[in-house]
>>> print(open('query.txt').read())   # compact mmCIF, N, CA and C atoms
# COMPACT_ATOMS: atom_id res chain seq x y z
N MET A 1 -78.17 -109.05 88.36
CA MET A 1 -79.08 -110.17 88.39
C MET A 1 -79.25 -110.69 89.82
N GLY A 2 -78.15 -110.73 90.55
CA GLY A 2 -78.23 -111.21 91.93
C GLY A 2 -79.13 -110.35 92.78
N VAL A 3 -79.05 -109.04 92.61
CA VAL A 3 -79.90 -108.13 93.37
C VAL A 3 -81.37 -108.36 93.00
N LEU A 4 -81.64 -108.57 91.72
CA LEU A 4 -83.02 -108.83 91.30
C LEU A 4 -83.54 -110.14 91.88
N VAL A 5 -82.68 -111.16 91.94
CA VAL A 5 -83.08 -112.44 92.53
C VAL A 5 -83.41 -112.26 94.01
N ILE A 6 -82.58 -111.47 94.70
CA ILE A 6 -82.84 -111.22 96.13
C ILE A 6 -84.16 -110.47 96.30
N LEU A 7 -84.37 -109.45 95.48
CA LEU A 7 -85.62 -108.69 95.58
C LEU A 7 -86.83 -109.54 95.20
N PHE A 8 -86.65 -110.48 94.29
CA PHE A 8 -87.74 -111.37 93.88
C PHE A 8 -88.20 -112.25 95.04
N SER A 9 -87.27 -112.59 95.92
CA SER A 9 -87.63 -113.50 97.02
C SER A 9 -88.41 -112.80 98.13
N LEU A 10 -88.61 -111.50 98.03
CA LEU A 10 -89.37 -110.71 99.00
C LEU A 10 -88.89 -110.93 100.43
N PRO A 11 -87.62 -110.67 100.74
CA PRO A 11 -87.12 -110.98 102.07
C PRO A 11 -87.62 -110.02 103.14
N PHE A 12 -88.02 -108.82 102.77
CA PHE A 12 -88.35 -107.82 103.79
C PHE A 12 -89.84 -107.51 103.83
N GLY A 13 -90.61 -108.02 102.92
CA GLY A 13 -92.02 -107.64 102.84
C GLY A 13 -92.91 -108.39 103.80
N GLY A 14 -92.51 -109.55 104.24
CA GLY A 14 -93.36 -110.33 105.11
C GLY A 14 -94.51 -110.98 104.36
N LYS A 15 -94.53 -110.82 103.03
CA LYS A 15 -95.59 -111.41 102.22
C LYS A 15 -95.16 -112.80 101.79
N ASP A 16 -96.11 -113.59 101.41
CA ASP A 16 -95.81 -114.92 100.90
C ASP A 16 -95.39 -114.82 99.44
N LEU A 17 -94.44 -115.67 99.05
CA LEU A 17 -93.96 -115.69 97.69
C LEU A 17 -94.62 -116.84 96.95
N TYR A 18 -95.21 -116.53 95.81
CA TYR A 18 -95.86 -117.55 95.00
C TYR A 18 -95.15 -117.63 93.65
N VAL A 19 -94.85 -118.85 93.23
CA VAL A 19 -94.27 -119.10 91.91
C VAL A 19 -95.16 -120.12 91.22
N HIS A 20 -95.75 -119.74 90.11
CA HIS A 20 -96.69 -120.58 89.36
C HIS A 20 -97.80 -121.11 90.28
N ASP A 21 -98.35 -120.24 91.04
CA ASP A 21 -99.47 -120.54 91.95
C ASP A 21 -99.11 -121.51 93.08
N PHE A 22 -97.82 -121.68 93.33
CA PHE A 22 -97.37 -122.49 94.46
C PHE A 22 -96.67 -121.60 95.46
N LYS A 23 -97.02 -121.77 96.72
CA LYS A 23 -96.40 -120.96 97.77
C LYS A 23 -95.00 -121.49 98.06
N VAL A 24 -94.02 -120.54 98.12
CA VAL A 24 -92.64 -120.88 98.44
C VAL A 24 -92.46 -120.70 99.94
N SER A 25 -91.89 -121.70 100.60
CA SER A 25 -91.70 -121.63 102.06
C SER A 25 -90.60 -120.64 102.42
N ARG A 26 -90.51 -120.34 103.70
CA ARG A 26 -89.44 -119.45 104.17
C ARG A 26 -88.07 -120.06 103.88
N TYR A 27 -87.97 -121.37 103.98
CA TYR A 27 -86.70 -122.05 103.65
C TYR A 27 -86.36 -121.85 102.17
N GLY A 28 -87.33 -121.95 101.31
CA GLY A 28 -87.13 -121.73 99.88
C GLY A 28 -86.72 -120.29 99.59
N GLN A 29 -87.34 -119.35 100.32
CA GLN A 29 -86.95 -117.95 100.15
C GLN A 29 -85.51 -117.74 100.59
N GLY A 30 -85.11 -118.42 101.67
CA GLY A 30 -83.71 -118.31 102.14
C GLY A 30 -82.74 -118.85 101.11
N VAL A 31 -83.10 -119.95 100.46
CA VAL A 31 -82.24 -120.51 99.41
C VAL A 31 -82.10 -119.53 98.25
N VAL A 32 -83.18 -118.89 97.87
CA VAL A 32 -83.15 -117.92 96.78
C VAL A 32 -82.28 -116.72 97.17
N ILE A 33 -82.38 -116.27 98.42
CA ILE A 33 -81.56 -115.14 98.89
C ILE A 33 -80.09 -115.51 98.85
N VAL A 34 -79.73 -116.71 99.32
CA VAL A 34 -78.33 -117.14 99.30
C VAL A 34 -77.84 -117.23 97.86
N PHE A 35 -78.67 -117.74 96.96
CA PHE A 35 -78.29 -117.82 95.55
C PHE A 35 -78.06 -116.42 94.99
N GLY A 36 -78.89 -115.46 95.34
CA GLY A 36 -78.72 -114.08 94.88
C GLY A 36 -77.44 -113.47 95.42
N ILE A 37 -77.12 -113.75 96.69
CA ILE A 37 -75.87 -113.23 97.28
C ILE A 37 -74.67 -113.83 96.57
N LEU A 38 -74.73 -115.11 96.27
CA LEU A 38 -73.63 -115.75 95.54
C LEU A 38 -73.46 -115.15 94.15
N MET A 39 -74.56 -114.82 93.50
CA MET A 39 -74.48 -114.19 92.18
C MET A 39 -73.83 -112.80 92.27
N VAL A 40 -74.18 -112.05 93.31
CA VAL A 40 -73.58 -110.72 93.48
C VAL A 40 -72.08 -110.84 93.73
N LEU A 41 -71.70 -111.76 94.62
CA LEU A 41 -70.27 -111.95 94.91
C LEU A 41 -69.50 -112.41 93.67
N TYR A 42 -70.10 -113.32 92.92
CA TYR A 42 -69.46 -113.79 91.70
C TYR A 42 -69.24 -112.64 90.72
N GLY A 43 -70.24 -111.80 90.58
CA GLY A 43 -70.13 -110.65 89.67
C GLY A 43 -69.08 -109.65 90.11
N LEU A 44 -68.91 -109.50 91.42
CA LEU A 44 -67.94 -108.53 91.91
C LEU A 44 -66.51 -109.06 91.90
N LEU A 45 -66.33 -110.34 92.15
CA LEU A 45 -64.99 -110.89 92.33
C LEU A 45 -64.42 -111.60 91.12
N TYR A 46 -65.23 -111.91 90.13
CA TYR A 46 -64.75 -112.68 88.98
C TYR A 46 -63.91 -111.82 88.07
N LYS A 47 -62.77 -112.34 87.67
CA LYS A 47 -61.91 -111.67 86.70
C LYS A 47 -61.85 -112.53 85.45
N THR A 48 -62.05 -111.91 84.31
CA THR A 48 -62.05 -112.67 83.07
C THR A 48 -60.63 -113.12 82.73
N PRO A 49 -60.45 -114.37 82.37
CA PRO A 49 -59.11 -114.83 82.00
C PRO A 49 -58.73 -114.31 80.62
N LYS A 50 -57.45 -114.13 80.43
CA LYS A 50 -56.97 -113.70 79.13
C LYS A 50 -56.94 -114.91 78.21
N SER A 51 -57.45 -114.73 77.03
CA SER A 51 -57.45 -115.84 76.09
C SER A 51 -56.07 -116.00 75.47
N LYS A 52 -55.85 -117.14 74.84
CA LYS A 52 -54.57 -117.38 74.20
C LYS A 52 -54.32 -116.37 73.09
N GLN A 53 -55.40 -115.96 72.42
CA GLN A 53 -55.24 -115.04 71.32
C GLN A 53 -54.75 -113.67 71.80
N ASP A 54 -55.11 -113.28 73.02
CA ASP A 54 -54.64 -112.01 73.55
C ASP A 54 -53.14 -112.05 73.84
N ASN A 55 -52.62 -113.25 74.14
CA ASN A 55 -51.21 -113.38 74.46
C ASN A 55 -50.34 -113.45 73.21
N VAL A 56 -50.94 -113.71 72.06
CA VAL A 56 -50.18 -113.81 70.82
C VAL A 56 -49.81 -112.41 70.38
N LYS A 57 -48.55 -112.25 70.05
CA LYS A 57 -48.08 -110.95 69.59
C LYS A 57 -48.12 -110.96 68.07
N TYR A 58 -48.93 -110.09 67.49
CA TYR A 58 -49.05 -110.04 66.05
C TYR A 58 -47.90 -109.24 65.47
N VAL A 59 -47.29 -109.79 64.43
CA VAL A 59 -46.17 -109.12 63.78
C VAL A 59 -46.39 -109.18 62.26
N ASP A 60 -45.91 -108.16 61.59
CA ASP A 60 -45.93 -108.17 60.14
C ASP A 60 -44.89 -109.18 59.67
N MET A 61 -45.27 -109.97 58.64
CA MET A 61 -44.39 -111.01 58.13
C MET A 61 -44.09 -110.73 56.66
N ILE A 62 -42.96 -111.29 56.18
CA ILE A 62 -42.58 -111.13 54.79
C ILE A 62 -42.04 -112.46 54.28
N CYS A 63 -42.29 -112.73 53.01
CA CYS A 63 -41.76 -113.94 52.39
C CYS A 63 -40.37 -113.61 51.83
N PRO A 64 -39.33 -114.36 52.19
CA PRO A 64 -38.00 -114.04 51.70
C PRO A 64 -37.82 -114.33 50.21
N THR A 65 -38.67 -115.14 49.62
CA THR A 65 -38.52 -115.47 48.21
C THR A 65 -39.19 -114.45 47.31
N CYS A 66 -40.50 -114.24 47.50
CA CYS A 66 -41.22 -113.30 46.63
C CYS A 66 -41.33 -111.90 47.24
N GLN A 67 -40.92 -111.73 48.46
CA GLN A 67 -40.90 -110.46 49.20
C GLN A 67 -42.29 -109.84 49.32
N LYS A 68 -43.31 -110.69 49.39
CA LYS A 68 -44.67 -110.20 49.61
C LYS A 68 -44.86 -110.01 51.11
N VAL A 69 -45.43 -108.88 51.50
CA VAL A 69 -45.61 -108.54 52.91
C VAL A 69 -47.02 -108.95 53.34
N PHE A 70 -47.11 -109.59 54.52
CA PHE A 70 -48.38 -109.97 55.12
C PHE A 70 -48.52 -109.18 56.42
N LEU A 71 -49.56 -108.35 56.49
CA LEU A 71 -49.76 -107.53 57.68
C LEU A 71 -50.16 -108.39 58.86
N ALA A 72 -49.97 -107.87 60.04
CA ALA A 72 -50.22 -108.61 61.28
C ALA A 72 -51.65 -109.10 61.34
N GLY A 73 -51.81 -110.39 61.59
CA GLY A 73 -53.12 -110.97 61.76
C GLY A 73 -53.83 -111.35 60.47
N THR A 74 -53.24 -111.08 59.30
CA THR A 74 -53.92 -111.42 58.05
C THR A 74 -53.72 -112.88 57.67
N THR A 75 -52.68 -113.49 58.14
CA THR A 75 -52.45 -114.90 57.86
C THR A 75 -52.14 -115.63 59.15
N GLY A 76 -52.78 -116.76 59.33
CA GLY A 76 -52.53 -117.55 60.53
C GLY A 76 -51.43 -118.58 60.28
N GLU A 77 -51.06 -118.72 59.03
CA GLU A 77 -50.06 -119.72 58.67
C GLU A 77 -48.68 -119.11 58.69
N GLN A 78 -47.69 -119.98 58.74
CA GLN A 78 -46.30 -119.52 58.71
C GLN A 78 -45.67 -119.75 57.35
N LEU A 79 -46.48 -120.10 56.35
CA LEU A 79 -45.98 -120.34 55.00
C LEU A 79 -46.63 -119.36 54.04
N CYS A 80 -45.86 -118.96 53.04
CA CYS A 80 -46.37 -118.07 52.00
C CYS A 80 -47.32 -118.87 51.12
N PRO A 81 -48.52 -118.34 50.83
CA PRO A 81 -49.47 -119.09 50.01
C PRO A 81 -49.03 -119.22 48.56
N GLN A 82 -48.15 -118.33 48.08
CA GLN A 82 -47.73 -118.37 46.68
C GLN A 82 -46.57 -119.34 46.45
N CYS A 83 -45.51 -119.24 47.29
CA CYS A 83 -44.32 -120.04 47.02
C CYS A 83 -44.02 -121.05 48.13
N SER A 84 -44.88 -121.20 49.10
CA SER A 84 -44.76 -122.17 50.19
C SER A 84 -43.42 -122.08 50.93
N CYS A 85 -42.92 -120.87 51.03
CA CYS A 85 -41.68 -120.62 51.77
C CYS A 85 -42.05 -120.12 53.16
N GLU A 86 -41.21 -120.40 54.15
CA GLU A 86 -41.50 -119.97 55.52
C GLU A 86 -41.36 -118.45 55.63
N LEU A 87 -42.36 -117.84 56.28
CA LEU A 87 -42.37 -116.38 56.45
C LEU A 87 -41.42 -115.97 57.57
N GLU A 88 -40.91 -114.75 57.45
CA GLU A 88 -40.01 -114.17 58.46
C GLU A 88 -40.63 -112.88 58.97
N PRO A 89 -40.26 -112.45 60.18
CA PRO A 89 -40.74 -111.15 60.66
C PRO A 89 -40.19 -110.02 59.79
N LEU A 90 -41.03 -109.02 59.55
CA LEU A 90 -40.63 -107.92 58.67
C LEU A 90 -39.58 -107.03 59.30
N THR A 91 -39.66 -106.82 60.62
CA THR A 91 -38.69 -105.94 61.27
C THR A 91 -37.31 -106.56 61.19
N GLY A 92 -36.39 -105.82 60.65
CA GLY A 92 -35.00 -106.26 60.54
C GLY A 92 -34.75 -107.22 59.39
N PHE A 93 -35.73 -107.38 58.49
CA PHE A 93 -35.57 -108.33 57.39
C PHE A 93 -34.42 -107.94 56.47
N TYR A 94 -34.35 -106.68 56.11
CA TYR A 94 -33.31 -106.24 55.18
C TYR A 94 -31.95 -106.13 55.85
N ASP A 95 -31.92 -106.09 57.18
CA ASP A 95 -30.64 -106.17 57.87
C ASP A 95 -30.12 -107.60 57.84
N ARG A 96 -31.03 -108.56 57.89
CA ARG A 96 -30.63 -109.97 57.82
C ARG A 96 -30.34 -110.41 56.39
N HIS A 97 -30.95 -109.76 55.41
CA HIS A 97 -30.77 -110.10 54.00
C HIS A 97 -30.36 -108.85 53.22
N PRO A 98 -29.14 -108.38 53.38
CA PRO A 98 -28.76 -107.13 52.68
C PRO A 98 -28.72 -107.29 51.17
N GLU A 99 -28.60 -108.51 50.66
CA GLU A 99 -28.55 -108.70 49.20
C GLU A 99 -29.91 -108.43 48.55
N LEU A 100 -30.98 -108.47 49.33
CA LEU A 100 -32.31 -108.20 48.79
C LEU A 100 -32.69 -106.73 48.86
N ARG A 101 -31.89 -105.96 49.53
CA ARG A 101 -32.18 -104.52 49.68
C ARG A 101 -31.98 -103.84 48.33
N ASP A 102 -32.84 -102.88 48.03
CA ASP A 102 -32.70 -102.12 46.79
C ASP A 102 -31.41 -101.33 46.83
N LYS A 103 -30.91 -101.03 45.65
CA LYS A 103 -29.73 -100.16 45.56
C LYS A 103 -30.13 -98.80 46.09
N LYS A 104 -29.16 -98.01 46.43
CA LYS A 104 -29.46 -96.67 46.93
C LYS A 104 -30.33 -95.94 45.93
N ASP A 105 -31.14 -95.08 46.44
CA ASP A 105 -32.07 -94.35 45.57
C ASP A 105 -31.29 -93.46 44.62
N GLU A 106 -30.86 -94.05 43.52
CA GLU A 106 -30.12 -93.30 42.51
C GLU A 106 -31.08 -92.93 41.40
N VAL A 107 -30.99 -91.72 40.95
CA VAL A 107 -31.83 -91.26 39.86
C VAL A 107 -31.08 -91.57 38.57
N PRO A 108 -31.73 -92.29 37.65
CA PRO A 108 -31.07 -92.58 36.37
C PRO A 108 -30.79 -91.28 35.61
N GLU A 109 -29.70 -91.29 34.89
CA GLU A 109 -29.31 -90.07 34.18
C GLU A 109 -30.28 -89.73 33.06
N ASP A 110 -30.85 -90.75 32.43
CA ASP A 110 -31.74 -90.48 31.32
C ASP A 110 -33.17 -90.17 31.76
N LEU A 111 -33.40 -90.05 33.03
CA LEU A 111 -34.73 -89.76 33.53
C LEU A 111 -35.17 -88.36 33.09
N MET A 112 -34.26 -87.42 33.13
CA MET A 112 -34.60 -86.05 32.75
C MET A 112 -34.85 -85.94 31.25
N ASP A 113 -34.25 -86.84 30.45
CA ASP A 113 -34.48 -86.80 29.02
C ASP A 113 -35.94 -87.13 28.69
N ASP A 114 -36.53 -88.04 29.48
CA ASP A 114 -37.92 -88.41 29.22
C ASP A 114 -38.88 -87.27 29.56
N LEU A 115 -38.49 -86.41 30.48
CA LEU A 115 -39.36 -85.32 30.90
C LEU A 115 -39.32 -84.13 29.96
N LYS A 116 -38.31 -84.05 29.10
CA LYS A 116 -38.17 -82.88 28.21
C LYS A 116 -39.07 -82.95 27.03
>>> encode(input="query.txt", output="structure tokens")
Amino acid sequence: MGVLVILFSLPFGGKDLYVHDFKVSRYGQGVVIVFGILMVLYGLLYKTPKSKQDNVKYVDMICPTCQKVFLAGTTGEQLCPQCSCELEPLTGFYDRHPELRDKKDEVPEDLMDDLK
């Protein structure tokens, strides 16, 4: 945009610049050129700031009461919508709560009877 503004001011043509049928003076053309240069510099040097949302680390959460898992970013709240219990991070949950861990994957003995 800055380059287009500079070219619009006709700095090298030696022609008069008219805007809405009004002649723009050489001083006005200089102001337009300076504005165009500032736009170019702004475009080259500006760095976009990181938003707060980019700094937030999304983690999968789990409710310790009903053990419902909430994937990262699906809930903005820290409470379970079903039982209003505070959510915990999913990583390491069963290490912190070994009593909630399922028993070892044992195959029931009567399982084969149902298949026969």
>>> axis_aligned_box(input="query.txt", around="range 30-40 of chain A", padding_each_side="3 Å", output="JSON")
{"center_x": -78.6, "center_y": -115.6, "center_z": 97.2, "size_x": 19.0, "size_y": 15.8, "size_z": 16.0}
>>> closest_residue(input="query.txt", among="A:Phe93, A:Tyr18, A:Tyr27, A:Phe35", to="Val69 in chain A", atoms="only C-alpha atoms")
A:Phe93
>>> atom_distance(input="query.txt", atom1="CA of Ser25 in chain A", atom2="CA of Met39 in chain A")
21.2 Å
>>> atom_distance(input="query.txt", atom1="atom N of Tyr58 in chain A", atom2="atom N of Pro98 in chain A")
24.4 Å
>>> atom_distance(input="query.txt", atom1="CA of Leu10 in chain A", atom2="CA of Leu45 in chain A")
25.3 Å
>>> residues_around(input="query.txt", residues="Val5 in chain A", least_positions_apart="2", cutoff="6.5 Å", atoms="only N, CA and C atoms", output="VMD selection string")
chain A and resid 1 to 3 7 to 9 32 to 33 36
>>> select_by_dssp(input="query.txt", residues="range 16-103 of chain A", states="strand (DSSP E or B)", output="list in words")
Leu17, Tyr18, Val19, Phe22, Lys23, Val24, Met61, Ile62, Val69, Phe70, Leu79, Glu86, Glu88 and Pro89 of chain A
>>> write_last_selection(input="query.txt", atoms="N, CA and C atoms", output="JSON list (two decimals), in the coordinates of the input")
[["chain", "number", "residue", "atom", "x", "y", "z"],
["A", 17, "LEU", "N", -94.44, -115.67, 99.05],
["A", 17, "LEU", "CA", -93.96, -115.69, 97.69],
["A", 17, "LEU", "C", -94.62, -116.84, 96.95],
["A", 18, "TYR", "N", -95.21, -116.53, 95.81],
["A", 18, "TYR", "CA", -95.86, -117.55, 95.00],
["A", 18, "TYR", "C", -95.15, -117.63, 93.65],
["A", 19, "VAL", "N", -94.85, -118.85, 93.23],
["A", 19, "VAL", "CA", -94.27, -119.10, 91.91],
["A", 19, "VAL", "C", -95.16, -120.12, 91.22],
["A", 22, "PHE", "N", -97.82, -121.68, 93.33],
["A", 22, "PHE", "CA", -97.37, -122.49, 94.46],
["A", 22, "PHE", "C", -96.67, -121.60, 95.46],
["A", 23, "LYS", "N", -97.02, -121.77, 96.72],
["A", 23, "LYS", "CA", -96.40, -120.96, 97.77],
["A", 23, "LYS", "C", -95.00, -121.49, 98.06],
["A", 24, "VAL", "N", -94.02, -120.54, 98.12],
["A", 24, "VAL", "CA", -92.64, -120.88, 98.44],
["A", 24, "VAL", "C", -92.46, -120.70, 99.94],
["A", 61, "MET", "N", -45.27, -109.97, 58.64],
["A", 61, "MET", "CA", -44.39, -111.01, 58.13],
["A", 61, "MET", "C", -44.09, -110.73, 56.66],
["A", 62, "ILE", "N", -42.96, -111.29, 56.18],
["A", 62, "ILE", "CA", -42.58, -111.13, 54.79],
["A", 62, "ILE", "C", -42.04, -112.46, 54.28],
["A", 69, "VAL", "N", -45.43, -108.88, 51.50],
["A", 69, "VAL", "CA", -45.61, -108.54, 52.91],
["A", 69, "VAL", "C", -47.02, -108.95, 53.34],
["A", 70, "PHE", "N", -47.11, -109.59, 54.52],
["A", 70, "PHE", "CA", -48.38, -109.97, 55.12],
["A", 70, "PHE", "C", -48.52, -109.18, 56.42],
["A", 79, "LEU", "N", -46.48, -120.10, 56.35],
["A", 79, "LEU", "CA", -45.98, -120.34, 55.00],
["A", 79, "LEU", "C", -46.63, -119.36, 54.04],
["A", 86, "GLU", "N", -41.21, -120.40, 54.15],
["A", 86, "GLU", "CA", -41.50, -119.97, 55.52],
["A", 86, "GLU", "C", -41.36, -118.45, 55.63],
["A", 88, "GLU", "N", -40.91, -114.75, 57.45],
["A", 88, "GLU", "CA", -40.01, -114.17, 58.46],
["A", 88, "GLU", "C", -40.63, -112.88, 58.97],
["A", 89, "PRO", "N", -40.26, -112.45, 60.18],
["A", 89, "PRO", "CA", -40.74, -111.15, 60.66],
["A", 89, "PRO", "C", -40.19, -110.02, 59.79]]
>>> select_by_dssp(input="query.txt", residues="range 15-98 of chain A", states="helix (DSSP H, G or I)", output="PyMOL selection string")
chain A and resi 26-45+52-55+93-96+98
>>> write_last_selection(input="query.txt", atoms="N, CA and C atoms", output="PDB file, keeping the file's coordinate frame")
ATOM      1  N   ARG A  26     -90.510-120.340 103.700  1.00  0.00           N
ATOM      2  CA  ARG A  26     -89.440-119.450 104.170  1.00  0.00           C
ATOM      3  C   ARG A  26     -88.070-120.060 103.880  1.00  0.00           C
ATOM      4  N   TYR A  27     -87.970-121.370 103.980  1.00  0.00           N
ATOM      5  CA  TYR A  27     -86.700-122.050 103.650  1.00  0.00           C
ATOM      6  C   TYR A  27     -86.360-121.850 102.170  1.00  0.00           C
ATOM      7  N   GLY A  28     -87.330-121.950 101.310  1.00  0.00           N
ATOM      8  CA  GLY A  28     -87.130-121.730  99.880  1.00  0.00           C
ATOM      9  C   GLY A  28     -86.720-120.290  99.590  1.00  0.00           C
ATOM     10  N   GLN A  29     -87.340-119.350 100.320  1.00  0.00           N
ATOM     11  CA  GLN A  29     -86.950-117.950 100.150  1.00  0.00           C
ATOM     12  C   GLN A  29     -85.510-117.740 100.590  1.00  0.00           C
ATOM     13  N   GLY A  30     -85.110-118.420 101.670  1.00  0.00           N
ATOM     14  CA  GLY A  30     -83.710-118.310 102.140  1.00  0.00           C
ATOM     15  C   GLY A  30     -82.740-118.850 101.110  1.00  0.00           C
ATOM     16  N   VAL A  31     -83.100-119.950 100.460  1.00  0.00           N
ATOM     17  CA  VAL A  31     -82.240-120.510  99.410  1.00  0.00           C
ATOM     18  C   VAL A  31     -82.100-119.530  98.250  1.00  0.00           C
ATOM     19  N   VAL A  32     -83.180-118.890  97.870  1.00  0.00           N
ATOM     20  CA  VAL A  32     -83.150-117.920  96.780  1.00  0.00           C
ATOM     21  C   VAL A  32     -82.280-116.720  97.170  1.00  0.00           C
ATOM     22  N   ILE A  33     -82.380-116.270  98.420  1.00  0.00           N
ATOM     23  CA  ILE A  33     -81.560-115.140  98.890  1.00  0.00           C
ATOM     24  C   ILE A  33     -80.090-115.510  98.850  1.00  0.00           C
ATOM     25  N   VAL A  34     -79.730-116.710  99.320  1.00  0.00           N
ATOM     26  CA  VAL A  34     -78.330-117.140  99.300  1.00  0.00           C
ATOM     27  C   VAL A  34     -77.840-117.230  97.860  1.00  0.00           C
ATOM     28  N   PHE A  35     -78.670-117.740  96.960  1.00  0.00           N
ATOM     29  CA  PHE A  35     -78.290-117.820  95.550  1.00  0.00           C
ATOM     30  C   PHE A  35     -78.060-116.420  94.990  1.00  0.00           C
ATOM     31  N   GLY A  36     -78.890-115.460  95.340  1.00  0.00           N
ATOM     32  CA  GLY A  36     -78.720-114.080  94.880  1.00  0.00           C
ATOM     33  C   GLY A  36     -77.440-113.470  95.420  1.00  0.00           C
ATOM     34  N   ILE A  37     -77.120-113.750  96.690  1.00  0.00           N
ATOM     35  CA  ILE A  37     -75.870-113.230  97.280  1.00  0.00           C
ATOM     36  C   ILE A  37     -74.670-113.830  96.570  1.00  0.00           C
ATOM     37  N   LEU A  38     -74.730-115.110  96.270  1.00  0.00           N
ATOM     38  CA  LEU A  38     -73.630-115.750  95.540  1.00  0.00           C
ATOM     39  C   LEU A  38     -73.460-115.150  94.150  1.00  0.00           C
ATOM     40  N   MET A  39     -74.560-114.820  93.500  1.00  0.00           N
ATOM     41  CA  MET A  39     -74.480-114.190  92.180  1.00  0.00           C
ATOM     42  C   MET A  39     -73.830-112.800  92.270  1.00  0.00           C
ATOM     43  N   VAL A  40     -74.180-112.050  93.310  1.00  0.00           N
ATOM     44  CA  VAL A  40     -73.580-110.720  93.480  1.00  0.00           C
ATOM     45  C   VAL A  40     -72.080-110.840  93.730  1.00  0.00           C
ATOM     46  N   LEU A  41     -71.700-111.760  94.620  1.00  0.00           N
ATOM     47  CA  LEU A  41     -70.270-111.950  94.910  1.00  0.00           C
ATOM     48  C   LEU A  41     -69.500-112.410  93.670  1.00  0.00           C
ATOM     49  N   TYR A  42     -70.100-113.320  92.920  1.00  0.00           N
ATOM     50  CA  TYR A  42     -69.460-113.790  91.700  1.00  0.00           C
ATOM     51  C   TYR A  42     -69.240-112.640  90.720  1.00  0.00           C
ATOM     52  N   GLY A  43     -70.240-111.800  90.580  1.00  0.00           N
ATOM     53  CA  GLY A  43     -70.130-110.650  89.670  1.00  0.00           C
ATOM     54  C   GLY A  43     -69.080-109.650  90.110  1.00  0.00           C
ATOM     55  N   LEU A  44     -68.910-109.500  91.420  1.00  0.00           N
ATOM     56  CA  LEU A  44     -67.940-108.530  91.910  1.00  0.00           C
ATOM     57  C   LEU A  44     -66.510-109.060  91.900  1.00  0.00           C
ATOM     58  N   LEU A  45     -66.330-110.340  92.150  1.00  0.00           N
ATOM     59  CA  LEU A  45     -64.990-110.890  92.330  1.00  0.00           C
ATOM     60  C   LEU A  45     -64.420-111.600  91.120  1.00  0.00           C
ATOM     61  N   LYS A  52     -55.850-117.140  74.840  1.00  0.00           N
ATOM     62  CA  LYS A  52     -54.570-117.380  74.200  1.00  0.00           C
ATOM     63  C   LYS A  52     -54.320-116.370  73.090  1.00  0.00           C
ATOM     64  N   GLN A  53     -55.400-115.960  72.420  1.00  0.00           N
ATOM     65  CA  GLN A  53     -55.240-115.040  71.320  1.00  0.00           C
ATOM     66  C   GLN A  53     -54.750-113.670  71.800  1.00  0.00           C
ATOM     67  N   ASP A  54     -55.110-113.280  73.020  1.00  0.00           N
ATOM     68  CA  ASP A  54     -54.640-112.010  73.550  1.00  0.00           C
ATOM     69  C   ASP A  54     -53.140-112.050  73.840  1.00  0.00           C
ATOM     70  N   ASN A  55     -52.620-113.250  74.140  1.00  0.00           N
ATOM     71  CA  ASN A  55     -51.210-113.380  74.460  1.00  0.00           C
ATOM     72  C   ASN A  55     -50.340-113.450  73.210  1.00  0.00           C
ATOM     73  N   PHE A  93     -35.730-107.380  58.490  1.00  0.00           N
ATOM     74  CA  PHE A  93     -35.570-108.330  57.390  1.00  0.00           C
ATOM     75  C   PHE A  93     -34.420-107.940  56.470  1.00  0.00           C
ATOM     76  N   TYR A  94     -34.350-106.680  56.110  1.00  0.00           N
ATOM     77  CA  TYR A  94     -33.310-106.240  55.180  1.00  0.00           C
ATOM     78  C   TYR A  94     -31.950-106.130  55.850  1.00  0.00           C
ATOM     79  N   ASP A  95     -31.920-106.090  57.180  1.00  0.00           N
ATOM     80  CA  ASP A  95     -30.640-106.170  57.870  1.00  0.00           C
ATOM     81  C   ASP A  95     -30.120-107.600  57.840  1.00  0.00           C
ATOM     82  N   ARG A  96     -31.030-108.560  57.890  1.00  0.00           N
ATOM     83  CA  ARG A  96     -30.630-109.970  57.820  1.00  0.00           C
ATOM     84  C   ARG A  96     -30.340-110.410  56.390  1.00  0.00           C
ATOM     85  N   PRO A  98     -29.140-108.380  53.380  1.00  0.00           N
ATOM     86  CA  PRO A  98     -28.760-107.130  52.680  1.00  0.00           C
ATOM     87  C   PRO A  98     -28.720-107.290  51.170  1.00  0.00           C
TER      88      PRO A  98
END
>>> closest_residue(input="query.txt", among="A:Leu4, A:Cys63, A:Tyr42, A:Lys47", to="Glu86 in chain A", atoms="only N, CA and C atoms")
A:Cys63
>>> residues_near_point(input="query.txt", point="(-34.4, -109.0, 47.9)", cutoff="8 Å", atoms="only N, CA and C atoms", output="NGL selection string")
:A and (64-67 or 94 or 97-102)
